[in-house]
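Undergrad: Dumping the structure here so I can ask a few things about it.
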Amino acid sequence: MRVMLVEDEAMNVLLMKKILRHIGYDDVHAFSSGEKALAAYPSLLPDVVLMDIQLAGAMDGIETTVSLKQILDRPVIYTTGYGDLETRERAARSGASAFLLKPISQDLLREAMSAAQPSSS
């Protein structure tokens, strides 16, 4: 499964890639801004997107998700340190598959990734 990771903190990118490798996902492509993710999305065609909400650049993760879903509707899992009600409501309206608070639990990420995979039946 091809994973697009949109995260602007280098240490979080390294940690997420390590966790993803550990749970069986090696095809991970990281982008530090919504703008870079949007530019790469049509050619990358990820199976799932892991999206931070607070990003460098003009767009936050929720705005980026809305734009990505207009191009190709793939599952988006939010990974964020912001769990306030307003953020959760905005995230829910954007059509995300899951909302995980940082620090990310390996088990919760595994569950969210598994749920985001299309069934093979």
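Naming works like this for the structure tokens: A, B, ... for the chains as they're shown, residue 1 at the start of each chain, ligands 1 onward in shown order.
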According to DSSP computed on the backbone, where in chain A is there helix (DSSP H, G or I)? Give the residues as a PyMOL selection string.
TA: chain A and resi 10-22+34-44+61-71+85-93+106-116
Undergrad: List every residue of chain A that DSSP, applied to the backbone of this structure, places in strand (DSSP E or B), and write the result as a VMD selection string.
TA: chain A and resid 3 to 6 28 to 31 33 48 to 51 56 76 to 80 98 to 101
Undergrad: Next, write the just-selected residues to a file, as a compact mmCIF listing (two decimals), in the first residue's frame, keeping N, CA and C atoms as the atom set.
TA:
# COMPACT_ATOMS: atom_id res chain seq x y z
N VAL A 3 1.64 5.01 0.78
CA VAL A 3 1.21 5.95 1.80
C VAL A 3 1.80 7.33 1.51
N MET A 4 0.94 8.35 1.55
CA MET A 4 1.40 9.74 1.49
C MET A 4 1.36 10.27 2.91
N LEU A 5 2.49 10.74 3.40
CA LEU A 5 2.60 11.32 4.73
C LEU A 5 2.81 12.82 4.57
N VAL A 6 1.88 13.60 5.11
CA VAL A 6 1.99 15.06 5.02
C VAL A 6 2.24 15.57 6.43
N VAL A 28 6.33 4.70 1.64
CA VAL A 28 5.88 5.94 2.29
C VAL A 28 6.56 7.13 1.63
N HIS A 29 5.77 8.11 1.23
CA HIS A 29 6.29 9.31 0.58
C HIS A 29 5.87 10.51 1.42
N ALA A 30 6.85 11.26 1.92
CA ALA A 30 6.59 12.36 2.85
C ALA A 30 6.66 13.72 2.15
N PHE A 31 5.75 14.62 2.57
CA PHE A 31 5.69 15.98 2.05
C PHE A 31 5.49 16.92 3.22
N SER A 33 4.32 20.14 3.21
CA SER A 33 3.27 21.16 3.14
C SER A 33 2.11 20.64 2.32
N VAL A 48 -3.56 5.67 0.78
CA VAL A 48 -4.00 6.32 2.01
C VAL A 48 -3.11 7.52 2.27
N VAL A 49 -3.67 8.54 2.94
CA VAL A 49 -2.93 9.75 3.28
C VAL A 49 -2.95 9.91 4.79
N LEU A 50 -1.77 10.10 5.37
CA LEU A 50 -1.63 10.47 6.78
C LEU A 50 -1.36 11.96 6.80
N MET A 51 -2.26 12.72 7.42
CA MET A 51 -2.23 14.17 7.31
C MET A 51 -2.15 14.85 8.66
N ALA A 56 3.27 23.69 7.64
CA ALA A 56 3.94 24.86 7.09
C ALA A 56 3.26 25.20 5.77
N VAL A 76 -8.16 9.44 4.27
CA VAL A 76 -7.23 10.35 4.96
C VAL A 76 -7.35 10.09 6.45
N ILE A 77 -6.20 9.91 7.08
CA ILE A 77 -6.11 9.73 8.53
C ILE A 77 -5.39 10.94 9.08
N TYR A 78 -6.06 11.69 9.94
CA TYR A 78 -5.42 12.85 10.55
C TYR A 78 -4.54 12.40 11.71
N THR A 79 -3.36 13.01 11.78
CA THR A 79 -2.43 12.81 12.89
C THR A 79 -2.11 14.19 13.41
N THR A 80 -2.55 14.49 14.62
CA THR A 80 -2.44 15.88 15.09
C THR A 80 -2.27 15.97 16.59
N ALA A 98 -10.10 8.75 9.90
CA ALA A 98 -9.75 8.62 11.32
C ALA A 98 -9.07 9.90 11.79
N PHE A 99 -9.03 10.06 13.10
CA PHE A 99 -8.44 11.23 13.75
C PHE A 99 -7.61 10.70 14.91
N LEU A 100 -6.28 10.73 14.77
CA LEU A 100 -5.38 10.20 15.80
C LEU A 100 -4.60 11.34 16.44
N LEU A 101 -4.62 11.38 17.76
CA LEU A 101 -3.87 12.40 18.49
C LEU A 101 -2.43 11.97 18.69
Undergrad: Report, in Å to a single decimal, how far apart atom CA of A:Arg110 and atom CA of A:Gly57 are.
TA: 28.7 Å
Undergrad: Got a sec: who's within 7 Å of stretch 38-43 of chain A, counting only C-alpha atoms, leaving out chain neighbours fewer than 3 positions off, as a VMD selection string?
TA: chain A and resid 34 to 35 68
Undergrad: Write a file of the selected residues as a short mmCIF file (atom, residue, chain, number, x, y, z; two decimals), in the first residue's frame, keeping N, CA and C atoms.
TA:
data_model
loop_
_atom_site.label_atom_id
_atom_site.label_comp_id
_atom_site.auth_asym_id
_atom_site.auth_seq_id
_atom_site.Cartn_x
_atom_site.Cartn_y
_atom_site.Cartn_z
N GLY A 34 0.97 21.28 2.51
CA GLY A 34 -0.19 20.93 1.71
C GLY A 34 0.04 21.18 0.24
N GLU A 35 0.71 22.27 -0.07
CA GLU A 35 0.98 22.61 -1.47
C GLU A 35 1.83 21.53 -2.15
N LEU A 68 -7.45 17.56 -1.87
CA LEU A 68 -7.04 16.24 -2.35
C LEU A 68 -8.24 15.40 -2.75
#
Undergrad: Identify, on the basis of only C-alpha atoms, every residue whose closest approach to A:Arg90 does not exceed 10 Å; exclude the query and any residue fewer than 5 positions from it along the same chain; express the result as a ChimeraX atom specification.
TA: /A:62-63,85,95-96
Undergrad: With distances taken over only C-alpha atoms, which residue among A:Met113, A:Ile71, A:Ala58, A:Ile53 lies nearest A:Gly24?
TA: A:Met113
Undergrad: In Å, how far is it from atom CA of A:Ile19 to atom CA of A:Pro103?
TA: 11.5 Å
Undergrad: Quick one: of A:Ala112, A:Ser32, A:Ser67, A:Glu89, who's nearest to A:Met11, counting only C-alpha atoms?
TA: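 With only C-alpha atoms as the atom set, the closest residue is A:Ser32.
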Undergrad: Counting only C-alpha atoms, what is within 7 Å of A:Leu55, bar same-chain residues fewer than 5 positions away, as a list in words?
TA: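 Near neighbours after the sequence-gap exclusion: Glu7, Asp8, Ser33, Asp60 and Gly61 of chain A.
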